[in-house]
$ cat target-v2.txt   # compact mmCIF, C-alpha atoms
# COMPACT_ATOMS: atom_id res chain seq x y z
CA MET A 267 -79.81 -15.82 19.78
CA ASP A 268 -81.03 -13.82 22.80
CA MET A 269 -78.80 -13.79 25.87
CA ASN A 270 -80.27 -15.37 29.01
CA LEU A 271 -79.56 -12.39 31.30
CA GLN A 272 -80.85 -14.10 34.42
CA PHE A 273 -78.59 -17.12 33.82
CA PHE A 274 -75.63 -14.79 33.21
CA ALA A 275 -76.30 -12.86 36.42
CA GLU A 276 -76.57 -16.03 38.48
CA THR A 277 -73.37 -17.58 37.17
CA THR A 278 -71.30 -14.38 37.59
CA ALA A 279 -72.56 -13.60 41.08
CA GLY A 280 -70.36 -14.50 44.06
CA ASN A 281 -67.06 -13.50 45.62
CA ASP A 282 -65.26 -11.38 43.03
CA GLU A 283 -62.74 -9.82 45.40
CA VAL A 284 -59.26 -9.36 43.97
CA VAL A 285 -56.44 -11.01 45.91
CA GLN A 286 -54.56 -8.33 47.84
CA ARG A 287 -50.76 -8.14 47.91
CA HIS A 288 -50.57 -8.62 51.68
CA GLN A 289 -52.44 -11.92 51.32
CA GLU A 290 -49.46 -13.49 49.51
CA ALA A 291 -46.84 -13.69 52.26
CA LEU A 292 -43.22 -14.64 51.54
CA TYR A 293 -41.14 -16.44 54.16
CA ILE A 294 -37.41 -17.11 53.78
CA ASN A 295 -35.40 -19.72 55.65
CA ILE A 296 -32.61 -17.75 57.31
CA ARG A 297 -30.88 -20.92 58.59
CA PRO A 298 -30.68 -23.06 55.44
CA LYS A 299 -27.66 -25.02 56.72
CA ASP A 300 -29.46 -26.12 59.90
CA ASP A 301 -31.55 -29.28 60.18
CA LYS A 302 -34.62 -27.28 61.19
CA PRO A 303 -35.64 -24.23 59.12
CA VAL A 304 -36.04 -20.82 60.73
CA TRP A 305 -38.58 -18.79 58.79
CA ALA A 306 -38.54 -15.00 58.57
CA LEU A 307 -41.20 -12.88 56.88
CA PHE A 308 -40.04 -10.88 53.87
CA GLY A 309 -42.48 -8.07 54.61
CA THR A 310 -41.50 -4.91 56.46
CA GLY A 311 -38.85 -3.17 54.37
CA ALA A 312 -39.68 -5.11 51.21
CA THR A 313 -40.98 -2.83 48.47
CA LYS A 314 -41.19 -5.40 45.67
CA ALA A 315 -41.51 -9.19 45.41
CA ASP A 316 -42.89 -10.05 41.98
CA GLU A 317 -43.14 -13.65 40.75
CA SER A 318 -42.03 -14.42 37.19
CA PHE A 319 -42.92 -17.87 35.85
CA ASP A 320 -41.19 -17.37 32.47
CA ALA A 321 -42.74 -20.35 30.70
CA GLN A 322 -40.32 -22.16 28.38
CA THR A 323 -41.86 -23.26 25.09
CA SER A 324 -41.11 -25.26 21.99
CA ASP A 325 -42.93 -25.15 18.68
CA LYS A 326 -43.30 -27.45 15.71
CA ARG A 327 -44.99 -27.04 12.36
CA TYR A 328 -45.75 -30.03 10.17
CA ILE A 329 -45.92 -29.82 6.38
CA ASN A 330 -49.72 -29.92 6.39
CA GLN A 331 -50.04 -27.05 8.88
CA VAL A 332 -50.05 -23.31 8.32
CA SER A 333 -49.48 -22.41 11.97
CA SER A 334 -47.01 -23.85 14.46
CA SER A 335 -48.13 -25.97 17.39
CA GLN A 336 -46.66 -24.61 20.62
CA THR A 337 -46.03 -26.53 23.83
CA VAL A 338 -45.02 -25.39 27.31
CA THR A 339 -41.98 -27.48 28.29
CA GLY A 340 -40.96 -25.93 31.60
CA TYR A 341 -40.55 -22.80 33.69
CA ALA A 342 -37.63 -20.58 34.69
CA TYR A 343 -39.11 -19.28 37.94
CA SER A 344 -37.86 -16.22 39.80
CA VAL A 345 -38.95 -13.56 42.26
CA GLU A 346 -37.67 -10.05 41.60
CA TYR A 347 -37.21 -8.22 44.89
CA GLU A 348 -36.40 -4.76 46.16
CA TYR A 349 -36.03 -3.70 49.77
CA ASP A 350 -34.96 -0.96 52.13
CA GLN A 351 -31.94 -2.06 54.13
CA ILE A 352 -33.44 -2.66 57.58
CA PRO A 353 -31.01 -4.98 59.38
CA SER A 354 -33.51 -5.82 62.13
CA GLN A 355 -35.67 -7.57 59.50
CA LEU A 356 -33.99 -10.97 59.36
CA ALA A 357 -35.18 -11.96 55.88
CA ILE A 358 -33.67 -8.75 54.52
CA LYS A 359 -30.51 -9.27 56.58
CA PHE A 360 -30.10 -12.77 55.14
CA ILE A 361 -30.52 -11.64 51.52
CA ASP A 362 -28.26 -8.65 52.08
CA SER A 363 -25.56 -10.90 53.57
CA VAL A 364 -25.47 -12.94 50.35
CA ALA A 365 -24.77 -9.72 48.44
CA LYS A 366 -22.24 -8.17 50.80
CA LYS A 367 -20.31 -11.40 51.36
CA GLU A 368 -20.63 -12.36 47.68
CA LYS A 369 -21.74 -15.87 48.54
CA VAL A 370 -21.82 -18.50 45.80
CA GLY A 371 -23.03 -22.06 45.27
CA SER A 372 -24.86 -23.69 48.15
CA ASP A 373 -24.06 -20.72 50.41
CA ALA A 374 -26.46 -18.62 48.32
CA VAL A 375 -29.28 -21.19 48.37
CA THR A 376 -32.22 -21.16 50.76
CA ASP A 377 -35.89 -22.13 51.01
CA LEU A 378 -38.81 -19.92 50.03
CA VAL A 379 -42.41 -20.38 51.14
CA ILE A 380 -45.26 -18.38 49.63
CA VAL A 381 -48.36 -18.46 51.82
CA SER A 382 -51.73 -17.83 50.15
CA MET A 383 -53.76 -16.33 52.97
CA ASN A 384 -56.72 -15.68 50.67
CA LEU A 385 -57.34 -19.43 50.51
CA LYS A 386 -59.23 -21.52 53.06
CA LYS A 387 -57.23 -22.05 56.25
CA ASP A 388 -56.80 -25.51 57.71
CA ALA A 389 -57.64 -25.25 61.41
CA ASP A 390 -54.64 -27.36 62.44
CA LYS A 391 -51.99 -26.71 59.79
CA GLY A 392 -52.56 -23.17 58.49
CA TYR A 393 -52.86 -21.74 54.99
CA PRO A 394 -52.19 -23.50 51.65
CA SER A 395 -48.60 -22.75 50.63
CA ARG A 396 -45.89 -23.43 48.07
CA LYS A 397 -42.26 -24.17 48.99
CA ARG A 398 -39.15 -24.50 46.86
CA LYS A 399 -35.41 -23.97 47.02
CA CYS A 400 -34.11 -20.74 45.52
CA ALA A 401 -30.73 -19.17 44.86
CA VAL A 402 -30.31 -15.58 46.00
CA SER A 403 -29.02 -13.55 43.04
CA PRO A 404 -28.24 -9.95 44.10
CA ASP A 405 -28.28 -7.15 41.54
CA GLY A 406 -27.08 -4.21 43.58
CA ASN A 407 -27.38 -1.82 46.50
CA ALA A 408 -28.32 1.79 45.84
CA ASP A 409 -28.98 5.18 47.40
CA SER A 410 -32.67 6.14 47.36
CA ASP A 411 -33.02 9.72 48.55
CA GLY A 412 -30.48 9.17 51.30
CA THR A 413 -31.53 5.66 52.35
CA MET A 414 -29.92 2.43 51.22
CA THR A 415 -31.84 -0.12 49.20
CA GLY A 416 -31.12 -3.51 47.68
CA SER A 417 -32.42 -5.46 44.70
CA GLY A 418 -32.06 -8.80 43.00
CA SER A 419 -33.87 -12.06 42.31
CA LEU A 420 -34.64 -15.37 43.94
CA LEU A 421 -34.04 -18.03 41.28
CA GLY A 422 -35.99 -21.27 41.43
CA ARG A 423 -33.88 -24.42 41.86
CA THR A 424 -36.50 -27.09 42.48
CA ASP A 425 -40.14 -27.80 41.74
CA TRP A 426 -42.79 -26.66 44.18
CA SER A 427 -43.68 -28.70 47.25
CA TYR A 428 -47.22 -28.03 48.44
CA GLY A 429 -48.40 -27.92 52.00
CA TYR A 430 -49.70 -25.70 54.77
CA PHE A 431 -47.97 -22.92 56.68
CA ASP A 432 -48.91 -21.92 60.21
CA VAL A 433 -48.11 -18.20 60.38
CA GLU A 434 -48.36 -18.14 64.19
CA LYS A 435 -46.01 -21.07 64.79
CA GLN A 436 -44.08 -20.43 61.55
CA VAL A 437 -44.12 -24.11 60.60
CA PHE A 438 -44.48 -25.55 57.09
CA THR A 439 -46.15 -28.97 56.81
CA GLU A 440 -45.82 -30.68 53.46
CA ASP A 441 -49.18 -32.13 52.39
CA LYS A 442 -50.25 -33.15 48.88
CA ALA A 443 -53.84 -32.26 49.79
CA ALA A 444 -52.89 -28.58 49.79
CA GLU A 445 -52.13 -28.77 46.07
CA GLY A 446 -55.86 -28.95 45.36
CA ALA A 447 -56.37 -25.50 46.87
CA PHE A 448 -54.71 -24.03 43.77
CA ASP A 449 -56.98 -25.91 41.33
CA VAL A 450 -60.48 -25.06 40.10
CA PRO A 451 -62.90 -26.83 42.51
CA ALA A 452 -64.47 -29.95 41.02
CA ASP A 453 -68.00 -28.52 41.38
CA GLU A 454 -67.21 -25.20 39.67
CA GLY A 455 -69.02 -24.73 36.36
CA GLN A 456 -72.06 -26.62 37.62
CA GLU A 457 -75.36 -24.77 37.50
CA PRO A 458 -77.74 -25.38 40.41
CA GLY A 459 -80.07 -28.16 39.29
CA GLY A 460 -77.40 -30.15 37.46
CA GLY A 461 -75.42 -29.88 34.24
CA SER A 462 -72.35 -27.84 33.48
CA VAL A 463 -72.38 -24.21 32.33
CA THR A 464 -71.41 -25.33 28.83
CA GLU A 465 -74.12 -27.99 28.73
CA ASN A 466 -76.80 -25.53 29.83
CA GLU A 467 -75.67 -22.93 27.29
CA GLU A 468 -75.99 -25.55 24.53
CA GLN A 469 -79.45 -26.53 25.78
CA ASN A 470 -80.56 -22.90 25.85
CA GLU A 471 -79.28 -22.35 22.31
CA ALA A 472 -81.12 -25.44 21.05
CA ALA A 473 -84.31 -24.20 22.67
CA GLY A 474 -83.88 -20.74 21.17
CA ILE A 475 -83.48 -19.08 24.56

$ encode --input "target-v2.txt" --output "structure tokens"
Amino acid sequence: MDMNLQFFAETTAGNDEVVQRHQEALYINIRPKDDKPVWALFGTGATKADESFDAQTSDKRYINQVSSSQTVTGYAYSVEYEYDQIPSQLAIKFIDSVAKKEKVGSDAVTDLVIVSMNLKKDADKGYPSRKRKCAVSPDGNADSDGTMTGSGSLLGRTDWSYGYFDVEKQVFTEDKAAEGAFDVPADEGQEPGGGSVTENEEQNEAAGI
């Protein structure tokens, strides 16, 4: 079968820009005991903030199967962080205080918001965002060429809440509609003129195109 190069070019054209690191902004609630959250950007001074979803799986193989059937049953979410100790950066100060005061239990729990600034902004509410409670789990403080650093993980304690975050006002608004921003749009996979990509590929193959 010959490849329809024009069809391929049309369906792969578009915005292929890679999401940049600065477009995923992390905000930490530095007043988790208060009624109203106070958000601080985990940005300046932070040298690492990598998400780990760590999917939990189970598998089963029946007597008539050669291979096991695997299922995702949950996630053990965490964010591995590293930072330079800059006390004027309040998100860093908060995390560092958990380490230096060896806080435990609810004293080490706060809220995390991850703001996806690559996604379409709502004019009134801000950018689509994810929020969940996390426990601060420090690993250690270290000397890095004469300057002090810190490292550890934020451990997920709840499921995500979806909403919008206004980076100017630093306000998170929970809104189920924001959840759709992280899904494939309903009209994706549709070729202009009707029919899905898969349907059109099957039609081309049947026609010998």

$ closest_residue --input "target-v2.txt" --among "A:Ser344, A:Gln336, A:Ser372, A:Ser382" --to "Gly418 in chain A" --atoms "all atoms listed in the file"
A:Ser344

$ residues_near_point --input "target-v2.txt" --point "(-50.3, -20.3, 54.2)" --cutoff "10 Å" --atoms "only C-alpha atoms" --output "PyMOL selection string"
chain A and resi 289-293+379-388+391-396+429-433+436-439+444

$ atom_distance --input "target-v2.txt" --atom1 "CA of Ala443 in chain A" --atom2 "CA of Leu421 in chain A"
25.8 Å

$ closest_residue --input "target-v2.txt" --among "A:Asp390, A:Asp350, A:Asp282, A:Glu368" --to "Phe308 in chain A" --atoms "all atoms listed in the file"
A:Asp350

$ atom_distance --input "target-v2.txt" --atom1 "CA of Asp316 in chain A" --atom2 "CA of Ile361 in chain A"
15.7 Å

$ residues_around --input "target-v2.txt" --residues "Lys359 in chain A" --least-positions-apart "5" --cutoff "12 Å" --atoms "all atoms listed in the file" --output "ChimeraX atom specification"
/A:294-297,306-308,310-312,349-354,364-367,415-416

$ axis_aligned_box --input "target-v2.txt" --around "range 308-327 of chain A" --padding-each-side "3 Å" --output "lines of an AutoDock Vina configuration file"
center_x = -41.9
center_y = -15.1
center_z = 34.4
size_x = 12.1
size_y = 30.6
size_z = 50.1

$ residues_around --input "target-v2.txt" --residues "Ser417 in chain A" --least-positions-apart "5" --cutoff "6 Å" --atoms "only C-alpha atoms" --output "NGL selection string"
:A and (347-348 or 405-406)

$ atom_distance --input "target-v2.txt" --atom1 "CA of Gly309 in chain A" --atom2 "CA of Ala357 in chain A"
8.4 Å

$ residues_around --input "target-v2.txt" --residues "Ser324 in chain A" --least-positions-apart "5" --cutoff "12 Å" --atoms "all atoms listed in the file" --output "CSV table (one decimal) with C-alpha atoms, in the coordinates of the input"
chain,number,residue,atom,x,y,z
A,334,SER,CA,-47.0,-23.8,14.5
A,335,SER,CA,-48.1,-26.0,17.4
A,336,GLN,CA,-46.7,-24.6,20.6
A,337,THR,CA,-46.0,-26.5,23.8
A,338,VAL,CA,-45.0,-25.4,27.3
A,339,THR,CA,-42.0,-27.5,28.3
A,340,GLY,CA,-41.0,-25.9,31.6
A,341,TYR,CA,-40.6,-22.8,33.7

$ closest_residue --input "target-v2.txt" --among "A:Asp453, A:Ala374, A:Arg423, A:Val402" --to "Lys299 in chain A" --atoms "all atoms listed in the file"
A:Ala374

$ closest_residue --input "target-v2.txt" --among "A:Thr376, A:Ser333, A:Asp325, A:Asp411" --to "Asp300 in chain A" --atoms "only C-alpha atoms"
A:Thr376

$ closest_residue --input "target-v2.txt" --among "A:Val375, A:Asp362, A:Glu434, A:Asp441" --to "Met414 in chain A" --atoms "only C-alpha atoms"
A:Asp362

$ build_atoms --input "target-v2.txt" --residues "range 380-416 of chain A" --atoms "N, CA and C atoms" --output "compact mmCIF listing (two decimals), in the frame of the given file"
# COMPACT_ATOMS: atom_id res chain seq x y z
N ILE A 380 -44.27 -19.41 49.94
CA ILE A 380 -45.26 -18.38 49.63
C ILE A 380 -46.60 -18.87 50.18
N VAL A 381 -47.14 -18.10 51.11
CA VAL A 381 -48.36 -18.46 51.82
C VAL A 381 -49.54 -17.71 51.23
N SER A 382 -50.54 -18.45 50.77
CA SER A 382 -51.73 -17.83 50.15
C SER A 382 -52.82 -17.70 51.21
N MET A 383 -52.84 -16.54 51.86
CA MET A 383 -53.76 -16.33 52.97
C MET A 383 -55.17 -15.97 52.52
N ASN A 384 -55.37 -15.87 51.21
CA ASN A 384 -56.72 -15.68 50.67
C ASN A 384 -57.47 -17.00 50.55
N LEU A 385 -56.73 -18.11 50.64
CA LEU A 385 -57.34 -19.43 50.51
C LEU A 385 -57.79 -19.96 51.87
N LYS A 386 -58.64 -20.98 51.83
CA LYS A 386 -59.23 -21.52 53.06
C LYS A 386 -58.15 -22.06 53.99
N LYS A 387 -58.21 -21.65 55.24
CA LYS A 387 -57.23 -22.05 56.25
C LYS A 387 -57.61 -23.39 56.86
N ASP A 388 -56.61 -24.27 56.97
CA ASP A 388 -56.80 -25.51 57.71
C ASP A 388 -56.66 -25.20 59.19
N ALA A 389 -57.62 -25.62 59.99
CA ALA A 389 -57.64 -25.25 61.41
C ALA A 389 -56.39 -25.71 62.16
N ASP A 390 -55.79 -26.81 61.73
CA ASP A 390 -54.64 -27.36 62.44
C ASP A 390 -53.30 -26.99 61.80
N LYS A 391 -53.27 -26.85 60.48
CA LYS A 391 -51.99 -26.71 59.79
C LYS A 391 -51.72 -25.32 59.24
N GLY A 392 -52.77 -24.51 59.02
CA GLY A 392 -52.56 -23.17 58.49
C GLY A 392 -53.04 -23.01 57.06
N TYR A 393 -52.41 -22.11 56.33
CA TYR A 393 -52.86 -21.74 54.99
C TYR A 393 -52.15 -22.57 53.91
N PRO A 394 -52.84 -22.83 52.79
CA PRO A 394 -52.19 -23.50 51.65
C PRO A 394 -50.96 -22.70 51.20
N SER A 395 -49.88 -23.41 50.92
CA SER A 395 -48.60 -22.75 50.63
C SER A 395 -47.80 -23.53 49.60
N ARG A 396 -46.82 -22.83 49.03
CA ARG A 396 -45.89 -23.43 48.07
C ARG A 396 -44.47 -23.24 48.60
N LYS A 397 -43.65 -24.26 48.51
CA LYS A 397 -42.26 -24.17 48.99
C LYS A 397 -41.31 -24.70 47.93
N ARG A 398 -40.20 -24.02 47.76
CA ARG A 398 -39.15 -24.50 46.86
C ARG A 398 -37.82 -23.90 47.27
N LYS A 399 -36.75 -24.53 46.81
CA LYS A 399 -35.41 -23.97 47.02
C LYS A 399 -35.14 -22.89 45.98
N CYS A 400 -34.46 -21.84 46.42
CA CYS A 400 -34.11 -20.74 45.52
C CYS A 400 -32.67 -20.30 45.77
N ALA A 401 -32.05 -19.79 44.73
CA ALA A 401 -30.73 -19.17 44.86
C ALA A 401 -30.91 -17.66 44.91
N VAL A 402 -30.25 -17.04 45.89
CA VAL A 402 -30.31 -15.58 46.00
C VAL A 402 -29.32 -14.99 45.00
N SER A 403 -29.84 -14.16 44.09
CA SER A 403 -29.02 -13.55 43.04
C SER A 403 -29.10 -12.03 43.16
N PRO A 404 -28.17 -11.41 43.90
CA PRO A 404 -28.24 -9.95 44.10
C PRO A 404 -27.91 -9.19 42.82
N ASP A 405 -28.60 -8.07 42.64
CA ASP A 405 -28.28 -7.15 41.54
C ASP A 405 -27.42 -6.00 42.03
N GLY A 406 -27.86 -5.33 43.09
CA GLY A 406 -27.08 -4.21 43.58
C GLY A 406 -27.71 -3.54 44.78
N ASN A 407 -26.91 -2.69 45.44
CA ASN A 407 -27.38 -1.82 46.50
C ASN A 407 -27.30 -0.38 45.99
N ALA A 408 -28.26 0.44 46.40
CA ALA A 408 -28.32 1.79 45.84
C ALA A 408 -28.81 2.79 46.88
N ASP A 409 -28.52 4.06 46.58
CA ASP A 409 -28.98 5.18 47.40
C ASP A 409 -30.33 5.64 46.86
N SER A 410 -31.34 5.65 47.74
CA SER A 410 -32.67 6.14 47.36
C SER A 410 -33.03 7.30 48.26
N ASP A 411 -32.72 8.50 47.81
CA ASP A 411 -33.02 9.72 48.55
C ASP A 411 -32.42 9.66 49.96
N GLY A 412 -31.20 9.18 50.04
CA GLY A 412 -30.48 9.17 51.30
C GLY A 412 -30.57 7.88 52.08
N THR A 413 -31.43 6.95 51.67
CA THR A 413 -31.53 5.66 52.35
C THR A 413 -31.04 4.56 51.42
N MET A 414 -30.49 3.51 52.01
CA MET A 414 -29.92 2.43 51.22
C MET A 414 -30.97 1.36 50.91
N THR A 415 -30.92 0.91 49.66
CA THR A 415 -31.84 -0.12 49.20
C THR A 415 -31.05 -1.26 48.58
N GLY A 416 -31.72 -2.36 48.35
CA GLY A 416 -31.12 -3.51 47.68
C GLY A 416 -32.09 -4.11 46.69
